[in-house]
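These notes are about the structure you will find just below.
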Amino acid sequence: MKTWNNVTKLCTLFLVSLCVLVFSNSASAAAYRKWCTTWTTSYTDAGKGEDYLNSSSPNIQRPARYTRVILWDNTGSPSNYKWSGFLDENGCTPSLTLIAGRTYYLGQATYAANGTKEFLVNDDNDYFDNTAVWVTFEKPVPTVVDGTSDQFTFYNTWVNPKANIMGVVGQILRYPDKIGTPNNSRIRFKTNYTGLWPSCIYQGAYAVNGDICLTTGTAWQDTTNWKYIVSHEVGHAITYLTQGPDPTGVYTDYFYNTPLCCCNHIGGYGQPESSPQGTHCLQSKESIKNAQGEGFANFAAVAVMNTRTYKDGIFVYGKPTWVYNNGIFSVQQPPVKVLAYRGISLNQDDQWLDRRCDGINQPGAGVELDWQRFFFETWTHGSSVFSADDMHYIWRTAGSNVSWANLQNVVNARWGTGSDKANWFASHGDSTGVSPY
Ligand SMILES: [Zn+2]
């Protein structure tokens, strides 16, 4: 610590000329500044009451959390950069030493990382490419002056589906353990399906081997507008990365020709699954494997958009949905608000497989809505909760045998038969209706 007294003592010990030099240096204080930036996001489900990314206004600025940026000054090209790296959880650089009298510029990429967990949004030709879309700021920003020590935010006004994706991945990277985002993982998004990327050959929203296609032109319109769809597909990608390949993706095996339990009401919202693999929706009777996979992806979207202690678990669904009102079920068009928490007793949409689809004692069948609630309830609401990593462990260990009996066996072996967690697993399987007993 250098105080005035210390400096005075120094002056008594050394030559006056040296003291002049010390004072001269302290008079021309260096300039420090944190540079922060944003993404402009617009989500069609805005204003449904979720905890995060909730707004009813268009074009909201979100902190560019964990975004890759490059900062350069007006003396040269971006290659003469001042700083490059990933922003912090508030979308800011560290405090940087800057040169007075210069104007600085910032470029930000559709690429984000927190440690070794990465998300990359790009559309170019190279399947293995690391590059992203770079958004640069052309306008000069306040010129650095001597003695500056402050924070300045670049408000990025780029309106693009990729900016919406970046708003969601920033939220995921802030709390990656919520949905078990693995280390040393890079999840890639494509928003263009015109044959440039081999995996994205269909229009729609889907995950392929850990990568995510979010394209336009379907009944979803611009699917990348929808934060719940973005995080749902991330849930699939993480499942692939943590549990291994999903052998199905075919939705025809339990087709059940009862209006409440098939997808005849969803119209064009079934793409690209509608043919020839069949389609699926929140309340359709499916194979248990598919219902678990889709239920987990929906749970992941709920977890990303809500805090763990907020008990309603607001989920906004992107396909037409059966909703109970005034004594009857009718179809509501998306976006449809669905609560992942079933604790409101006697919900008419509770235990859908058992109560609407003749599902009792059909251990090979499942409904996405029931499994979504099971995952949400075992993840929150008590002292014996399961983390997302616990869930990934259970399904990875269970392998291809995902019957309820085998899942409970895995839990008993890992945490002990009769343990609080084993009992928690069993009781919520019963209350949500996913266990066939
Ligand atoms: Zn899905």
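Please note that chains go A, B, ... in the order of the structure tokens, that every chain numbers its residues from 1, and that ligands are numbered from 1 in the order shown.
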What does the list of residues within 9 Å of ligand 1 look like if you count only C-alpha atoms and all ligand atoms, written as a ChimeraX atom specification?
/A:205-207,229,232-233,235-236,280-281,290,293-298
Picked from segment 149-301 of chain A by DSSP as strand (DSSP E), as a PyMOL selection string:
chain A and resi 149-154+185-190+205-208+211-214+285-287
From atom CA of Ala340 of chain A to atom CA of Gln372 of chain A the spacing works out at 6.6 Å
Need to verify the contact set: Ser57 of chain A, 10 Å, only C-alpha atoms, exclusion of same-chain residues closer than 5 positions in sequence. Can you return it as a ChimeraX atom specification?
/A:41-44,46-47
Determine, counting only C-alpha atoms, which protein, DNA and RNA residues have an atom within 6 Å of an atom of Gly433 of chain A; residues of the same chain fewer than 3 positions away are not included. Present the result as a ChimeraX atom specification.
/A:351,429-430
Any chance you can output those residues with N, CA and C atoms as a compact mmCIF listing (two decimals), in the first residue's frame?
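Printed below is result-v8.txt as written:
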```txt
# COMPACT_ATOMS: atom_id res chain seq x y z
N GLN A 351 -51.12 -37.54 -14.82
CA GLN A 351 -51.09 -38.99 -15.09
C GLN A 351 -51.81 -39.30 -16.40
N GLY A 429 -42.32 -41.67 -9.14
CA GLY A 429 -42.76 -42.51 -10.25
C GLY A 429 -44.23 -42.84 -10.10
N ASP A 430 -44.62 -43.09 -8.87
CA ASP A 430 -46.02 -43.42 -8.60
C ASP A 430 -46.93 -42.20 -8.79
```
Check the smallest atom-to-atom distance from each of A:Phe154, A:Leu260, A:Ser231, A:His381 to Val316 of chain A using only C-alpha atoms, then report the winner.
A:Ser231
What separates atom CA of Ile179 of chain A and atom CA of Asp389 of chain A is a distance of 7.5 Å
Between atom CA of Ala291 of chain A and atom CA of Asn409 of chain A - distance in Å to one decimal:
19.6 Å
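Taking only C-alpha atoms into account, Val234 of chain A lies nearest to A:Val168 out of the set A:Phe425, A:Arg174, A:Val168, A:Val250.
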Counting only C-alpha atoms, give me one row per residue of segment 219-268 of chain A with an atom at most 12 Å from an atom of segment 161-164 of chain A, showing the shortest contact pair and its distance in Å to one decimal, sorted by chain then residue number, as a tab-separated table.
```
residue	atom	partner	partner_atom	distance
A:Gln221	CA	A:Pro161	CA	11.4
A:Asp222	CA	A:Pro161	CA	7.7
A:Thr223	CA	A:Pro161	CA	8.4
A:Thr224	CA	A:Pro161	CA	5.2
A:Asn225	CA	A:Pro161	CA	6.0
A:Trp226	CA	A:Asn164	CA	7.8
A:Lys227	CA	A:Asn164	CA	7.3
A:Tyr228	CA	A:Asn164	CA	11.0
A:Ile229	CA	A:Asn164	CA	11.1
A:Val230	CA	A:Asn164	CA	8.8
A:Ser231	CA	A:Asn164	CA	11.2
```
Find the residues near segment 354-368 of chain A: any atom within 10 Å, counting only C-alpha atoms, skip ones fewer than 6 places away on the same chain, and give them as an MDAnalysis selection string.
chainID A and resid 253:254 256:262 280:299 348 374 402:405 432:437
Export, as a tab-separated table (two decimals), in the first residue's frame, the selected residues with C-alpha atoms.
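And here is the file that came out, out09.tsv:
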```tsv
chain	number	residue	atom	x	y	z
A	253	ASP	CA	-44.57	-48.08	-32.26
A	254	TYR	CA	-47.32	-47.09	-29.85
A	256	TYR	CA	-52.93	-44.99	-30.36
A	257	ASN	CA	-55.95	-43.84	-32.30
A	258	THR	CA	-57.66	-41.93	-29.50
A	259	PRO	CA	-57.76	-38.15	-29.99
A	260	LEU	CA	-56.32	-37.33	-26.56
A	261	CYS	CA	-53.43	-39.78	-27.06
A	262	CYS	CA	-52.32	-39.29	-30.66
A	280	HIS	CA	-44.97	-37.09	-31.48
A	281	CYS	CA	-46.45	-34.51	-29.16
A	282	LEU	CA	-46.71	-33.72	-25.46
A	283	GLN	CA	-49.66	-36.05	-24.74
A	284	SER	CA	-49.20	-38.82	-27.30
A	285	LYS	CA	-48.81	-42.41	-26.21
A	286	GLU	CA	-45.30	-43.45	-27.25
A	287	SER	CA	-42.69	-46.06	-26.47
A	288	ILE	CA	-41.34	-45.49	-22.97
A	289	LYS	CA	-37.90	-44.73	-24.42
A	290	ASN	CA	-39.19	-41.92	-26.60
A	291	ALA	CA	-41.40	-40.53	-23.85
A	292	GLN	CA	-38.39	-40.42	-21.52
A	293	GLY	CA	-36.18	-38.74	-24.12
A	294	GLU	CA	-38.72	-36.07	-25.01
A	295	GLY	CA	-39.76	-35.67	-21.38
A	296	PHE	CA	-36.14	-35.03	-20.39
A	297	ALA	CA	-35.70	-32.48	-23.18
A	298	ASN	CA	-38.83	-30.66	-22.00
A	299	PHE	CA	-37.57	-30.83	-18.43
A	348	GLN	CA	-57.06	-32.98	-15.24
A	374	PHE	CA	-41.32	-36.85	-13.16
A	402	VAL	CA	-35.30	-48.41	-19.68
A	403	SER	CA	-38.24	-50.18	-18.08
A	404	TRP	CA	-39.33	-48.68	-14.79
A	405	ALA	CA	-38.25	-51.84	-12.98
A	432	THR	CA	-46.64	-38.83	-11.81
A	433	GLY	CA	-47.82	-42.12	-13.23
A	434	VAL	CA	-44.60	-43.15	-14.99
A	435	SER	CA	-44.24	-46.34	-12.96
A	436	PRO	CA	-46.72	-48.97	-14.17
A	437	TYR	CA	-47.93	-50.04	-10.75
```
